[in-house]
Amino acid sequence: MARELLKGNEAIAEAAVRAGLDAYFGYPITPQTELLEYLARRMPELGRAFVQAESEVAAINMVFGAACAGKRVMTSSSGPGMSLMQEGLSYIAGAELPAVVVDVMRGGPGLGNIAACQSDYFQVTRSAGHGDFRPLVLAPATVQEAIDLTQLAFDLAERYRMLVILLVDGNLGQMMEPAELPPFRDQGSVTAPWALSGAEGRAARLITSIYLQPEALERHNLALQAKLTVIAEREQRSAGMWLEDAELVVVAFGSAARVAQNAVEAARARGLAAGLFRPITLSPLPVRHLARLSPRARAFLVIEMNAGQMVDDVRLAIAGRAPVRFHGRMGGVELLPDEVLQAMHHTIGDIRVSGNGSRSFHREVR
Amino acid sequence: MTVEQCVYERPAALTAAHTHYCPGCTHGIAHRLTAEVLQELDVLGRAVGVASVGCSVFIYNYIACDFVSAAHGRAPAVATGLKRVLPDRVIFTYQGDGDLASIGLAEVLHAAARGEQITVIFINNAIYGMTGGQLAPTSPVGMVTSSSPGGRDPHLAGYPVRVCELVAQMEGAAYVARRSLHDPAEIRKAKKALRTAFECQLAGRGFALVELLSTCPTNWGMTPEQSLRWIEERMLPVFPPGEFRNVAASNVQR
Ligand SMILES: Cc1ncc(C[n+]2csc(CCOP(=O)(O)OP(=O)(O)O)c2C)c(N)n1
């Protein structure tokens, strides 16, 4: 199939359709709305379900209901709507239902603004809802990757009976880039052995998240945690450049990684041994890949479009083996390569001053 | 020779499990009526129930069909999701008054407005049973509850919400009726209303809701018998039984 100029939100919507999306439920919120609008036309055209819900609370519970039937189902929203969905997300996790949620981030807290931001990293990776659970979180950096990860999101959701959140920066939802859409997938007629469909000819089934006995609820939690362990083992994904000999590793996800890449390229041109590490799965964070870098890397610099959220996880992964610094912008203020480059120089300077940087960070450009 | 004839037995749609309900609670009657109707309409095998959060959260132990338990108040949204992907199945919710008329009012009203092809069974016992007897949106003025110890004072806590009257405003609603479970004649009418509500879904006529006035002897602080009388004396004047909307009967075109 040919590459075409596609808008992030619409590309995600069409990728979901081609992955076999059976039902979409959503509520308008910028910068996600094109996704809902696109599917409002596309889903009925294909005889599939679309409902504009009365709220994100209702939307996520419609997702919950359709997921109970073993169908491929999705909603999309942004920060304020994600906050409203938290109860439903927790029920989906508790009932082990496969579902895909697209969060096209905007600036917060409160009503904030509609500019590009990454301030909901904690919300989706740490506190997507009450109770002990973590969703799988995927963070694309380009429109093409958003398409690819949308398809992967459905695969992972179904493989693990799991909530998968596609965490998209607002600018990525809004921007147009050349990208290639995948072919249509077979929607598949086999329904899951746990799905509800009416008990004709079999024992009645129940989907619930209630376990009144503490021992039973602990067993349920242990099973959920065991699944997360398997996922952490198998599903860590990351990308990188110039990491083989990098002494300063810049860590960034989503569109921030694109800005960081420009800065790293500029640094390399000046002979600095810098590299870029980009987590693609934010939950589980690719900590194994990150830890592998730390013997060589003498410093890490985390770049985010927020006050510093993923940096906490990077520090946990590096576990004191190297200094981890942070630079970020908030409120949707555009992050620029120059300031990242400056932050890189500050990081190196600090390390020299603190005495463990007598060796040069500079390398001959090859 | 005498011929033994069974005139009354547990419908197969009702499981043999002993319920967890308090003595005198009418959830049991409402369950039985629901099970009988599902069985008589021969739709038990393609029914999916949506349980709510409240004393009836374990309804799936008693009615022998597929069930999902929804979050508090969200059953009509969950039912919407199910029905949109399983249009040929029979989807129903079973909700209390705290669940439906307070935290879940938006979900039930919008499901009705959209004309979702689902059946909502609404148990109005004028109190929050499961959490121990707090004021409900349907508590009559003056009713003493654990969170209105001086009786429901309209200046502080307003007035009861009349759900049927509200839902009947929705064009998408096809059948809306209120019945009571306080005496045998009313119970028979309640069953008929439930039947009509499920038939409405089978015929694709739109959203159907049946409100059933119910007891909560434990949290009302009464004997079962006093409770039945309390429905008659205190609930019927606020919540008059009747059909509030019946689209086929009134020939309203959708
Ligand atoms: C979001 C949320 N808020 C509060 C509760 C606590 N809660 C459980 S049941 C209930 C009230 C149920 O009352 P009702 O719907 O009238 O049903 P009943 O128990 O009387 O049958 C409440 C408030 C909850 N489970 N979830």
# chains A, B, ... in the order shown; residues from 1 in each chain; ligands from 1
$ residues_near_ligand --ligand "ligand 1" --cutoff "9 Å" --atoms "only C-alpha atoms and all ligand atoms" --output "MDAnalysis selection string"
(chainID A and resid 87) or (chainID B and resid 27 52:57 71:73 95:103 123:134 136:138 216)
$ interface_residues --of "chain A" --to "chain B" --cutoff "8 Å" --atoms "only C-alpha atoms" --output "number ranges by chain"
A: 22-23, 49, 54, 58-59, 61-69, 71, 87-88, 91, 196-201, 204-209
$ select_by_dssp --residues "range 273-355 of chain A" --states "strand (DSSP E or B)" --output "PyMOL selection string"
chain A and resi 274-279+281-283+299-304+324-328
$ residues_around --residues "Ala93 in chain A" --least-positions-apart "2" --cutoff "12 Å" --atoms "only C-alpha atoms" --output "number ranges by chain"
A: 64, 67, 86-91, 95-100, 128-136, 157, 160-165, 207-210, 220-221, 223-225, 227-228
$ atom_distance --atom1 "CA of Leu21 in chain A" --atom2 "CA of Arg106 in chain A"
25.2 Å
$ residues_around --residues "Ser283 in chain A" --least-positions-apart "3" --cutoff "10 Å" --atoms "only C-alpha atoms" --output "list in words"
Tyr121, Val124, Thr125, Arg126, Arg134, Pro135, Leu136, Val137, Leu138, Ala139, Val164, Ile165, Leu228, Ile231, Ala232, Glu235, Gln236, Arg237, Pro279, Ile280, Pro286 and Val287 of chain A
$ write_last_selection --atoms "N, CA and C atoms" --output "PDB file, in the first residue's frame"
ATOM      1  N   TYR A 121       1.708  11.192  31.961  1.00  0.00           N
ATOM      2  CA  TYR A 121       2.507   9.958  32.073  1.00  0.00           C
ATOM      3  C   TYR A 121       2.178   9.219  33.368  1.00  0.00           C
ATOM      4  N   VAL A 124      -1.476   7.579  33.409  1.00  0.00           N
ATOM      5  CA  VAL A 124      -1.726   6.319  32.712  1.00  0.00           C
ATOM      6  C   VAL A 124      -0.823   5.176  33.173  1.00  0.00           C
ATOM      7  N   THR A 125       0.419   5.494  33.559  1.00  0.00           N
ATOM      8  CA  THR A 125       1.300   4.383  33.937  1.00  0.00           C
ATOM      9  C   THR A 125       1.144   4.008  35.402  1.00  0.00           C
ATOM     10  N   ARG A 126       0.771   4.976  36.244  1.00  0.00           N
ATOM     11  CA  ARG A 126       0.758   4.752  37.677  1.00  0.00           C
ATOM     12  C   ARG A 126      -0.626   4.668  38.295  1.00  0.00           C
ATOM     13  N   ARG A 134      -1.762  -2.158  36.504  1.00  0.00           N
ATOM     14  CA  ARG A 134      -1.107  -1.276  35.546  1.00  0.00           C
ATOM     15  C   ARG A 134      -1.545  -1.686  34.158  1.00  0.00           C
ATOM     16  N   PRO A 135      -1.927  -0.713  33.359  1.00  0.00           N
ATOM     17  CA  PRO A 135      -2.230  -1.058  31.970  1.00  0.00           C
ATOM     18  C   PRO A 135      -0.933  -1.170  31.181  1.00  0.00           C
ATOM     19  N   LEU A 136      -1.022  -1.726  29.986  1.00  0.00           N
ATOM     20  CA  LEU A 136       0.088  -1.633  29.037  1.00  0.00           C
ATOM     21  C   LEU A 136      -0.015  -0.249  28.403  1.00  0.00           C
ATOM     22  N   VAL A 137       1.090   0.472  28.306  1.00  0.00           N
ATOM     23  CA  VAL A 137       1.052   1.811  27.715  1.00  0.00           C
ATOM     24  C   VAL A 137       2.061   1.894  26.571  1.00  0.00           C
ATOM     25  N   LEU A 138       1.582   2.306  25.402  1.00  0.00           N
ATOM     26  CA  LEU A 138       2.423   2.431  24.214  1.00  0.00           C
ATOM     27  C   LEU A 138       2.481   3.895  23.793  1.00  0.00           C
ATOM     28  N   ALA A 139       3.691   4.386  23.480  1.00  0.00           N
ATOM     29  CA  ALA A 139       3.856   5.800  23.145  1.00  0.00           C
ATOM     30  C   ALA A 139       4.508   5.976  21.784  1.00  0.00           C
ATOM     31  N   VAL A 164      -5.023  -1.721  27.235  1.00  0.00           N
ATOM     32  CA  VAL A 164      -3.851  -1.134  26.585  1.00  0.00           C
ATOM     33  C   VAL A 164      -4.155   0.335  26.275  1.00  0.00           C
ATOM     34  N   ILE A 165      -3.286   1.216  26.723  1.00  0.00           N
ATOM     35  CA  ILE A 165      -3.470   2.642  26.465  1.00  0.00           C
ATOM     36  C   ILE A 165      -2.424   3.100  25.456  1.00  0.00           C
ATOM     37  N   LEU A 228       1.445  -9.384  34.777  1.00  0.00           N
ATOM     38  CA  LEU A 228       2.297  -8.207  34.563  1.00  0.00           C
ATOM     39  C   LEU A 228       3.774  -8.595  34.506  1.00  0.00           C
ATOM     40  N   ILE A 231       4.398  -9.938  31.128  1.00  0.00           N
ATOM     41  CA  ILE A 231       4.393  -8.822  30.172  1.00  0.00           C
ATOM     42  C   ILE A 231       5.701  -8.030  30.279  1.00  0.00           C
ATOM     43  N   ALA A 232       6.160  -7.801  31.493  1.00  0.00           N
ATOM     44  CA  ALA A 232       7.406  -7.056  31.688  1.00  0.00           C
ATOM     45  C   ALA A 232       8.572  -7.828  31.068  1.00  0.00           C
ATOM     46  N   GLU A 235       7.423  -7.868  26.785  1.00  0.00           N
ATOM     47  CA  GLU A 235       6.889  -6.783  25.951  1.00  0.00           C
ATOM     48  C   GLU A 235       7.618  -5.445  26.056  1.00  0.00           C
ATOM     49  N   GLN A 236       8.780  -5.419  26.670  1.00  0.00           N
ATOM     50  CA  GLN A 236       9.506  -4.152  26.721  1.00  0.00           C
ATOM     51  C   GLN A 236       9.972  -3.778  25.318  1.00  0.00           C
ATOM     52  N   ARG A 237       9.651  -2.562  24.928  1.00  0.00           N
ATOM     53  CA  ARG A 237      10.040  -2.109  23.584  1.00  0.00           C
ATOM     54  C   ARG A 237      10.692  -0.740  23.672  1.00  0.00           C
ATOM     55  N   PRO A 279      11.907   5.055  24.947  1.00  0.00           N
ATOM     56  CA  PRO A 279      10.975   3.995  25.349  1.00  0.00           C
ATOM     57  C   PRO A 279       9.747   4.034  24.446  1.00  0.00           C
ATOM     58  N   ILE A 280       9.333   2.885  23.963  1.00  0.00           N
ATOM     59  CA  ILE A 280       8.088   2.784  23.186  1.00  0.00           C
ATOM     60  C   ILE A 280       6.984   2.260  24.094  1.00  0.00           C
ATOM     61  N   PRO A 286      10.955   0.019  29.340  1.00  0.00           N
ATOM     62  CA  PRO A 286      12.034  -0.908  28.938  1.00  0.00           C
ATOM     63  C   PRO A 286      13.251  -0.773  29.855  1.00  0.00           C
ATOM     64  N   VAL A 287      13.081  -1.120  31.095  1.00  0.00           N
ATOM     65  CA  VAL A 287      14.149  -0.922  32.079  1.00  0.00           C
ATOM     66  C   VAL A 287      15.340  -1.842  31.825  1.00  0.00           C
TER      67      VAL A 287
END
$ closest_residue --among "A:Val230, A:Gln174, A:Val57, A:Ala2" --to "Leu35 in chain A" --atoms "only C-alpha atoms"
A:Gln174
$ closest_residue --among "A:Ala53, A:Ala203, A:Leu6, A:Val101" --to "Pro28 in chain A" --atoms "only C-alpha atoms"
A:Ala53
$ closest_residue --among "A:Ser294, A:Ala141, A:Gly308, A:Ser238" --to "Gln261 in chain A" --atoms "only C-alpha atoms"
A:Ala141
$ atom_distance --atom1 "CA of Arg329 in chain A" --atom2 "CA of Ser76 in chain A"
24.9 Å
$ select_by_dssp --residues "range 161-359 of chain A" --states "alpha helix (DSSP H)" --output "VMD selection string"
chain A and resid 170 to 174 214 to 234 254 to 269 287 to 293 310 to 318 337 to 353
$ atom_distance --atom1 "CA of Gly254 in chain A" --atom2 "CA of Glu304 in chain A"
9.0 Å
$ closest_residue --among "A:Gly70, A:Thr75, A:Asn113, A:Leu276" --to "Trp194 in chain A" --atoms "only C-alpha atoms"
A:Gly70
$ residues_around --residues "range 166-169 of chain B" --least-positions-apart "4" --cutoff "10 Å" --atoms "only C-alpha atoms" --output "list in words"
Leu105, Val108, Leu109, His110, Ala111, Ala112, Ala113, Val161, Arg162, Ala173, Ala174, Tyr175, Val176, Ala177, Phe207, Ala208, Leu209, Glu243, Phe244, Arg245 and Asn246 of chain B
$ write_last_selection --atoms "N, CA, C and O atoms" --output "PDB file, in the first residue's frame"
ATOM      1  N   LEU B 105     -27.988   8.458  37.207  1.00  0.00           N
ATOM      2  CA  LEU B 105     -29.136   9.092  36.536  1.00  0.00           C
ATOM      3  C   LEU B 105     -28.820   9.464  35.091  1.00  0.00           C
ATOM      4  O   LEU B 105     -29.647   9.290  34.193  1.00  0.00           O
ATOM      5  N   VAL B 108     -28.965   6.301  32.757  1.00  0.00           N
ATOM      6  CA  VAL B 108     -30.287   5.741  32.439  1.00  0.00           C
ATOM      7  C   VAL B 108     -31.072   6.700  31.546  1.00  0.00           C
ATOM      8  O   VAL B 108     -31.739   6.275  30.597  1.00  0.00           O
ATOM      9  N   LEU B 109     -30.968   7.994  31.817  1.00  0.00           N
ATOM     10  CA  LEU B 109     -31.716   8.960  30.995  1.00  0.00           C
ATOM     11  C   LEU B 109     -31.224   8.954  29.553  1.00  0.00           C
ATOM     12  O   LEU B 109     -32.020   9.012  28.610  1.00  0.00           O
ATOM     13  N   HIS B 110     -29.907   8.892  29.381  1.00  0.00           N
ATOM     14  CA  HIS B 110     -29.384   8.920  28.016  1.00  0.00           C
ATOM     15  C   HIS B 110     -29.605   7.601  27.280  1.00  0.00           C
ATOM     16  O   HIS B 110     -29.804   7.602  26.066  1.00  0.00           O
ATOM     17  N   ALA B 111     -29.594   6.502  28.013  1.00  0.00           N
ATOM     18  CA  ALA B 111     -29.921   5.224  27.364  1.00  0.00           C
ATOM     19  C   ALA B 111     -31.366   5.297  26.864  1.00  0.00           C
ATOM     20  O   ALA B 111     -31.679   4.852  25.751  1.00  0.00           O
ATOM     21  N   ALA B 112     -32.239   5.889  27.669  1.00  0.00           N
ATOM     22  CA  ALA B 112     -33.645   6.053  27.271  1.00  0.00           C
ATOM     23  C   ALA B 112     -33.751   7.007  26.084  1.00  0.00           C
ATOM     24  O   ALA B 112     -34.460   6.742  25.114  1.00  0.00           O
ATOM     25  N   ALA B 113     -33.012   8.114  26.158  1.00  0.00           N
ATOM     26  CA  ALA B 113     -33.074   9.104  25.078  1.00  0.00           C
ATOM     27  C   ALA B 113     -32.602   8.506  23.752  1.00  0.00           C
ATOM     28  O   ALA B 113     -33.150   8.812  22.696  1.00  0.00           O
ATOM     29  N   VAL B 161     -36.910  11.927  43.796  1.00  0.00           N
ATOM     30  CA  VAL B 161     -36.863  11.910  42.330  1.00  0.00           C
ATOM     31  C   VAL B 161     -37.865  10.871  41.829  1.00  0.00           C
ATOM     32  O   VAL B 161     -37.819   9.712  42.253  1.00  0.00           O
ATOM     33  N   ARG B 162     -38.746  11.283  40.950  1.00  0.00           N
ATOM     34  CA  ARG B 162     -39.708  10.332  40.373  1.00  0.00           C
ATOM     35  C   ARG B 162     -39.178   9.880  39.012  1.00  0.00           C
ATOM     36  O   ARG B 162     -39.278  10.589  38.013  1.00  0.00           O
ATOM     37  N   ALA B 173     -37.841   6.293  24.810  1.00  0.00           N
ATOM     38  CA  ALA B 173     -38.428   5.304  25.711  1.00  0.00           C
ATOM     39  C   ALA B 173     -39.721   4.779  25.107  1.00  0.00           C
ATOM     40  O   ALA B 173     -40.564   5.552  24.649  1.00  0.00           O
ATOM     41  N   ALA B 174     -39.868   3.448  25.086  1.00  0.00           N
ATOM     42  CA  ALA B 174     -41.066   2.861  24.488  1.00  0.00           C
ATOM     43  C   ALA B 174     -42.050   2.434  25.571  1.00  0.00           C
ATOM     44  O   ALA B 174     -43.258   2.540  25.408  1.00  0.00           O
ATOM     45  N   TYR B 175     -41.503   1.951  26.671  1.00  0.00           N
ATOM     46  CA  TYR B 175     -42.396   1.465  27.730  1.00  0.00           C
ATOM     47  C   TYR B 175     -41.830   1.852  29.084  1.00  0.00           C
ATOM     48  O   TYR B 175     -40.679   1.547  29.402  1.00  0.00           O
ATOM     49  N   VAL B 176     -42.620   2.546  29.883  1.00  0.00           N
ATOM     50  CA  VAL B 176     -42.212   2.967  31.222  1.00  0.00           C
ATOM     51  C   VAL B 176     -43.378   2.723  32.173  1.00  0.00           C
ATOM     52  O   VAL B 176     -44.476   3.264  31.957  1.00  0.00           O
ATOM     53  N   ALA B 177     -43.153   1.890  33.176  1.00  0.00           N
ATOM     54  CA  ALA B 177     -44.246   1.581  34.102  1.00  0.00           C
ATOM     55  C   ALA B 177     -43.739   1.459  35.532  1.00  0.00           C
ATOM     56  O   ALA B 177     -42.591   1.069  35.758  1.00  0.00           O
ATOM     57  N   PHE B 207     -36.439   1.551  24.321  1.00  0.00           N
ATOM     58  CA  PHE B 207     -36.032   1.410  25.712  1.00  0.00           C
ATOM     59  C   PHE B 207     -37.245   1.125  26.605  1.00  0.00           C
ATOM     60  O   PHE B 207     -38.306   1.715  26.429  1.00  0.00           O
ATOM     61  N   ALA B 208     -37.068   0.222  27.570  1.00  0.00           N
ATOM     62  CA  ALA B 208     -38.161  -0.084  28.499  1.00  0.00           C
ATOM     63  C   ALA B 208     -37.658  -0.074  29.931  1.00  0.00           C
ATOM     64  O   ALA B 208     -36.552  -0.544  30.209  1.00  0.00           O
ATOM     65  N   LEU B 209     -38.448   0.484  30.808  1.00  0.00           N
ATOM     66  CA  LEU B 209     -38.080   0.541  32.224  1.00  0.00           C
ATOM     67  C   LEU B 209     -39.293   0.194  33.078  1.00  0.00           C
ATOM     68  O   LEU B 209     -40.386   0.719  32.853  1.00  0.00           O
ATOM     69  N   GLU B 243     -48.792   3.054  34.040  1.00  0.00           N
ATOM     70  CA  GLU B 243     -47.975   3.050  32.825  1.00  0.00           C
ATOM     71  C   GLU B 243     -47.754   4.503  32.426  1.00  0.00           C
ATOM     72  O   GLU B 243     -48.711   5.238  32.220  1.00  0.00           O
ATOM     73  N   PHE B 244     -46.505   4.913  32.325  1.00  0.00           N
ATOM     74  CA  PHE B 244     -46.205   6.314  32.023  1.00  0.00           C
ATOM     75  C   PHE B 244     -45.917   6.529  30.546  1.00  0.00           C
ATOM     76  O   PHE B 244     -45.963   7.637  30.052  1.00  0.00           O
ATOM     77  N   ARG B 245     -45.592   5.448  29.896  1.00  0.00           N
ATOM     78  CA  ARG B 245     -45.352   5.527  28.457  1.00  0.00           C
ATOM     79  C   ARG B 245     -45.486   4.121  27.890  1.00  0.00           C
ATOM     80  O   ARG B 245     -44.955   3.162  28.428  1.00  0.00           O
ATOM     81  N   ASN B 246     -46.239   4.020  26.815  1.00  0.00           N
ATOM     82  CA  ASN B 246     -46.351   2.740  26.126  1.00  0.00           C
ATOM     83  C   ASN B 246     -46.555   3.062  24.662  1.00  0.00           C
ATOM     84  O   ASN B 246     -47.656   3.292  24.208  1.00  0.00           O
TER      85      ASN B 246
END
